[in-house]
Each structure stands twice: as C-alpha cells, then as structure tokens.
Amino acid sequence: METQKVGQVILPGEIIGKIKSTSLKIGNGLNIEEDKVIATKGGILQYQEKDKYWISNFQKRYVPKMDHMVIGIIINQHGENYSVDIGSASRATLSIFGFEGATKKTRPNLENRSAVYARVIQADKDLETELICIDKRQKSSGFGPLDDQGYIFKCSLSLAESLLMNKTPVIKLLSNYIPFEIAIGINGRIWVKSEKPNHTIIIVNSIIQTEGTENETEISKIIKKNISVLL
Amino acid sequence: MEISEYVNPEGLRIDGRRRKELRKIEIEMGKLEQVDGSALFVEGFTRVMASVCGPKEVENRSKAVEDKAFISVEFLSATFSTRKRTKMSKKDRRVLEICSIIRKTFEPVLQLELFPESEISIFIQVLQADGGVESACINAVTLALIDAGIPMIDFVCSCTGTYLDSFCILDTNFIEETAGGSILIAAILAKSKKVVSTQMKISRLKMENFTELLELVVDGCSRIYDLMEDATRKRTKEQLNSQTALIK
C-alpha cells in the first residue's frame, strides 16, 4: 500500500489507500473494505517498515493485547480461577496456578478487591482475556499480588505507556528525594507504595502534573515545588 | 406572537438568516474527565452535551448480546432548556423517540462486533433547546464517540430542514419548527455520501418538494461535516502537541 498520509490526522471513514501486496499488516483503527483500507478511529497514522500501518489515538478505555503488563483488581473467585477487572470491555481470568511455585496445596490466598500485577497471555475478542503472574521462564520477576499498603490511581493510557517505555525521567528524578515502590500497568493504573501518606501524595501529584513533558529541567522544577512542602 | 411570514420578500428569515444559512456552530471535545469521551455541540441557541462510556461490562446481564456490543442511550433534557419549564420523564414519548433515533443511526456505523458481550453507553444532556435538537444530538454523539476512540466505519453528521410558506428552509430554530411545516431530519455518512436515517414530522409534502428538501438538508449536513472535521483535527493536534512522548 502506498499512502502520503503517514503522520497526518486521520478521521473515521477516510480512505487510506488501495491494497497492492499481501504483506500488508494493519493494526489499531484500520479496517479493510473490498480492496481499500479505511480508517475507523480518529488519530494519527503511523507506519513501520515492511508495510505495517496503524492509528495512534488518545483513548482512555483499555483494549487488552498479548504480553501487556496490567494492574488488575480481583472481583471474585470461581473454583480455580480468579475473575479480575482490568478496565477493559470484559473481565479477565487469572488461574490460581498462574503464580510462581503454585500447586494445588500451596495456592495463593487473595481476597476480593486486592490488586495484582499480571501479564496478558490471551487477548481475543471472542475468548476470555487470560492473565498470568509469571514470566516466560516461570519466575515471578515482579508480577504477583500487590501490597495493600500501596495506593492505586488512574492515569491516561498514553502516560502509562510513556512511563513504561522510560520516555520521561519523572520516576528517576523522584527517587533522588523519596524512596518508593511503583508498578505501572499499561491499562492506565499505577500502584505506588511509600513510607508515609504525604510522600505518596507527592509522588502521585508529580506523575500526573508532568504528563506531556519530557524536558528534564521542567520536570525537576515541578518535583522540587512539590517536595518543598516536606521541608 | 403572531408571525405572518417566515421568509420575508427580501429572502430573510425571522432571525435574519437566509434560507440556506446555518447558525453559528461551536464544538468542544473532551471536556469531561470521568467518561471515556465527551463533546459539546452548540448550534445557535441549541446546546447539547454528549458523553460516551465504554465498551464496558454490561450492567443489566439480560440485555447482553452474544456476538456484538449493545448500545444503551440515555437522554436527559434539562428543565430550563425549553421555553416552558417542564420536566421530561424518562418514559416520555419524545425521549424514547430520540433514544431510538440515536441507536438506529449508530448501530450500522459502529464496529460493534469487535466487542462481544459488552456495552457502549451514550448519555445525552440537552442544556438549551432551540430547534434541531435531534440533529445536534447526533452530531454531538459522533464527536463523543471519536473522542472515546470507538471504531466506526464513517463519520455521521446530521441536519434539520423544513418546508414553510412554499420555501425550503435549512437548520430550523424553535419558531420555525413549531410553525406547522413538514420537518425533515437527515443523517448522512460524510465520506461515503450515504443517508443513514431520515425522520419526517407532520409529513404532508409533495414529492418534488421532498426531493428539493432532502437535497438541501444533505448539503447542510456536508457543510456541518466540514466544521466538525476541522474541530476534530484541531483537537487531535492539540493532544499531539501535549503528548509528543507517545508519537515518536
């Protein structure tokens, strides 16, 4: 497919181009109708090598994809499965054997409303979303139940993505002042645990206020302003 | 107030517009924080706020559809929005009518099969009603759906027209709408130029007048589309500027 619309704003219904080769791969927000590729979301057209196209937009609702790291909240337990809310269109399931070293005897004991950090291993529109709390080497490596002393807040999907891809230095700069633990779910949920409640408030405010900026001096200015309350 | 003529000999209407002139349109998107997508559509003195939540889990399990998402529409008209201060109940005939218009307009346009057994809920709040409320609702919902990022195959926009004093009039206000002429509400798919839904009220109209009216309304729709397109592009660029981190 050839198109000059890469990097431009696209609206639903816009024709992107005609299909020419079979190597074409389309992602988020694109649809094929007869021999044309048509946009179904408003956003910016993105391109990657070897004919990969998708639209990046700024939506708030999470759509599960394979290998995403998410923060879920346990709703209830059915036999060997927990049903987990990850903020998407349907509930996800998490097997009790999906934890490191879990067997029938040593099963994890999670209460309702407790939070877990998990990985998506099945994401299909017709099947249930499945989560797991171990990595590919069967180790926990950070996944698992999150401490209930922590605090979970919501943020936009793009902020969570930029934090996970280490594009903003907020967390690094914050750690110079306050010790804390953090878990970032790409579904727009962030878990923070620190020693004191007022530390947590400062961390949360700093992360939310620095959304959209990558400039290190600008971010450190905001953090210093927030920290000055403690001094 | 008795009105002897709705279009005077100079071709001007009671609010000073010409026959094919639209009212001033203002659009604001993403005003509400709590919902997934929202839009405010202002057309003259008509002011409609639409918000979209979803796709989310179905609240009422019995309404879930096996292979696609279910659209629920809630319409609220503020008591102060109309000339007569009245409270509309949720089961009012007009409320149910507008809900069904919205649902039928958007069902073929949205890609509902991507979210089986889920719900997309649309809330509409009319803040000021001065004619063309149904059209304003459809336009506001389109913008809110785009803001929420729900996949749709085309851009829907809508306009109202009426046949009064042997003239076709575009974008009616309240006085023209209650004057007794036939009112036509049409919604079109802007890119593929198809008419999704038409609605006639007090329908006694000659066939040739109807085609003239429909052409006029469809033309109005495409003019409204240009404005909506500009607003959406502007909004996306604003987001892009504030969140450059995502795009690189």
# chains A, B, ... in the order shown; residues from 1 in each chain; ligands from 1
$ interface_residues --of "chain A" --to "chain B" --cutoff "6 Å" --atoms "only C-alpha atoms" --output "list in words"
Pro12, Gly13, Thr40, Lys41, Gly42, Gln59, Lys60, Ala89, Ser90 and Gly212 of chain A
$ residues_around --residues "segment 71-86 of chain A" --least-positions-apart "5" --cutoff "7 Å" --atoms "only C-alpha atoms" --output "list in words"
Arg91, Ala92, Thr93, Leu94, Ser95, Ile96, Asn112, Arg113, Ser114, Ala115, Val116, Tyr117, Ala118, Gly185, Asn187 and Arg189 of chain A
$ closest_residue --among "A:Ile178, A:Thr217, A:Gly150, A:Glu100" --to "Ile132 of chain A" --atoms "only C-alpha atoms"
A:Glu100
$ select_by_dssp --residues "segment 43-169 of chain B" --states "alpha helix (DSSP H)" --output "PyMOL selection string"
chain B and resi 93-106+133-148
$ write_last_selection --atoms "N, CA, C and O atoms" --output "compact mmCIF listing (two decimals), in the first residue's frame"
# COMPACT_ATOMS: atom_id res chain seq x y z
N ARG B 93 -42.66 10.00 25.50
CA ARG B 93 -42.62 9.53 24.13
C ARG B 93 -41.47 10.16 23.35
O ARG B 93 -40.78 9.52 22.57
N ARG B 94 -41.23 11.48 23.59
CA ARG B 94 -40.18 12.17 22.85
C ARG B 94 -38.80 11.63 23.22
O ARG B 94 -37.93 11.48 22.37
N VAL B 95 -38.62 11.33 24.50
CA VAL B 95 -37.33 10.81 24.96
C VAL B 95 -37.05 9.47 24.31
O VAL B 95 -35.96 9.23 23.75
N LEU B 96 -38.06 8.58 24.33
CA LEU B 96 -37.88 7.26 23.74
C LEU B 96 -37.61 7.37 22.24
O LEU B 96 -36.80 6.62 21.68
N GLU B 97 -38.28 8.34 21.59
CA GLU B 97 -38.10 8.51 20.15
C GLU B 97 -36.67 8.92 19.83
O GLU B 97 -36.03 8.33 18.95
N ILE B 98 -36.15 9.90 20.57
CA ILE B 98 -34.79 10.36 20.30
C ILE B 98 -33.79 9.23 20.59
O ILE B 98 -32.86 9.00 19.81
N CYS B 99 -34.03 8.47 21.69
CA CYS B 99 -33.13 7.35 22.01
C CYS B 99 -33.10 6.36 20.86
O CYS B 99 -32.03 5.88 20.47
N SER B 100 -34.27 6.06 20.30
CA SER B 100 -34.29 5.05 19.23
C SER B 100 -33.67 5.61 17.96
O SER B 100 -33.03 4.88 17.20
N ILE B 101 -33.84 6.93 17.70
CA ILE B 101 -33.18 7.53 16.53
C ILE B 101 -31.66 7.38 16.66
O ILE B 101 -30.98 6.95 15.72
N ILE B 102 -31.15 7.72 17.84
CA ILE B 102 -29.69 7.66 18.05
C ILE B 102 -29.21 6.22 17.88
O ILE B 102 -28.22 5.95 17.18
N ARG B 103 -29.93 5.27 18.51
CA ARG B 103 -29.48 3.88 18.45
C ARG B 103 -29.49 3.36 17.02
O ARG B 103 -28.53 2.75 16.56
N LYS B 104 -30.57 3.68 16.29
CA LYS B 104 -30.68 3.17 14.91
C LYS B 104 -29.68 3.83 13.98
O LYS B 104 -29.25 3.24 13.00
N THR B 105 -29.33 5.08 14.28
CA THR B 105 -28.35 5.77 13.42
C THR B 105 -26.96 5.18 13.61
O THR B 105 -26.22 5.01 12.65
N PHE B 106 -26.61 4.87 14.87
CA PHE B 106 -25.23 4.47 15.12
C PHE B 106 -24.98 2.97 15.06
O PHE B 106 -23.84 2.56 14.95
N VAL B 133 -32.88 19.79 17.78
CA VAL B 133 -32.25 19.08 18.91
C VAL B 133 -31.76 17.70 18.49
O VAL B 133 -30.64 17.31 18.82
N GLU B 134 -32.58 16.98 17.70
CA GLU B 134 -32.21 15.63 17.29
C GLU B 134 -30.90 15.65 16.48
O GLU B 134 -30.01 14.83 16.72
N SER B 135 -30.80 16.60 15.55
CA SER B 135 -29.58 16.71 14.74
C SER B 135 -28.38 17.02 15.61
O SER B 135 -27.31 16.42 15.46
N ALA B 136 -28.58 17.97 16.52
CA ALA B 136 -27.47 18.35 17.41
C ALA B 136 -27.02 17.17 18.24
O ALA B 136 -25.82 16.98 18.47
N CYS B 137 -28.01 16.34 18.68
CA CYS B 137 -27.67 15.15 19.47
C CYS B 137 -26.80 14.20 18.65
O CYS B 137 -25.78 13.71 19.14
N ILE B 138 -27.22 13.94 17.39
CA ILE B 138 -26.45 13.01 16.55
C ILE B 138 -25.03 13.53 16.35
O ILE B 138 -24.05 12.79 16.47
N ASN B 139 -24.91 14.82 16.06
CA ASN B 139 -23.58 15.40 15.84
C ASN B 139 -22.71 15.31 17.10
O ASN B 139 -21.53 14.95 17.03
N ALA B 140 -23.32 15.62 18.25
CA ALA B 140 -22.56 15.57 19.50
C ALA B 140 -22.11 14.15 19.81
O ALA B 140 -20.98 13.93 20.24
N VAL B 141 -23.00 13.17 19.56
CA VAL B 141 -22.65 11.78 19.84
C VAL B 141 -21.52 11.31 18.93
O VAL B 141 -20.59 10.63 19.38
N THR B 142 -21.54 11.70 17.64
CA THR B 142 -20.45 11.34 16.73
C THR B 142 -19.11 11.82 17.28
O THR B 142 -18.13 11.06 17.33
N LEU B 143 -19.08 13.08 17.71
CA LEU B 143 -17.83 13.65 18.20
C LEU B 143 -17.38 12.96 19.48
O LEU B 143 -16.20 12.69 19.67
N ALA B 144 -18.36 12.65 20.37
CA ALA B 144 -18.00 11.97 21.61
C ALA B 144 -17.46 10.58 21.34
O ALA B 144 -16.52 10.12 21.99
N LEU B 145 -18.04 9.87 20.35
CA LEU B 145 -17.56 8.53 20.00
C LEU B 145 -16.15 8.58 19.45
O LEU B 145 -15.32 7.71 19.75
N ILE B 146 -15.86 9.60 18.64
CA ILE B 146 -14.50 9.74 18.10
C ILE B 146 -13.53 10.02 19.24
O ILE B 146 -12.43 9.49 19.30
N ASP B 147 -13.97 10.87 20.18
CA ASP B 147 -13.11 11.20 21.32
C ASP B 147 -12.84 9.96 22.18
O ASP B 147 -11.73 9.80 22.70
N ALA B 148 -13.85 9.07 22.27
CA ALA B 148 -13.67 7.86 23.07
C ALA B 148 -12.86 6.80 22.33
O ALA B 148 -12.46 5.81 22.92
$ atom_distance --atom1 "atom CA of Cys157 of chain B" --atom2 "atom CA of Glu33 of chain A"
21.3 Å
$ closest_residue --among "B:Glu107, B:Asp226, B:Asp171, B:Glu2" --to "Ser72 of chain B" --atoms "only C-alpha atoms"
B:Glu107
$ closest_residue --among "A:Gly188, A:Gly7, A:Pro64, A:Gly17" --to "Ile152 of chain A" --atoms "only C-alpha atoms"
A:Gly188
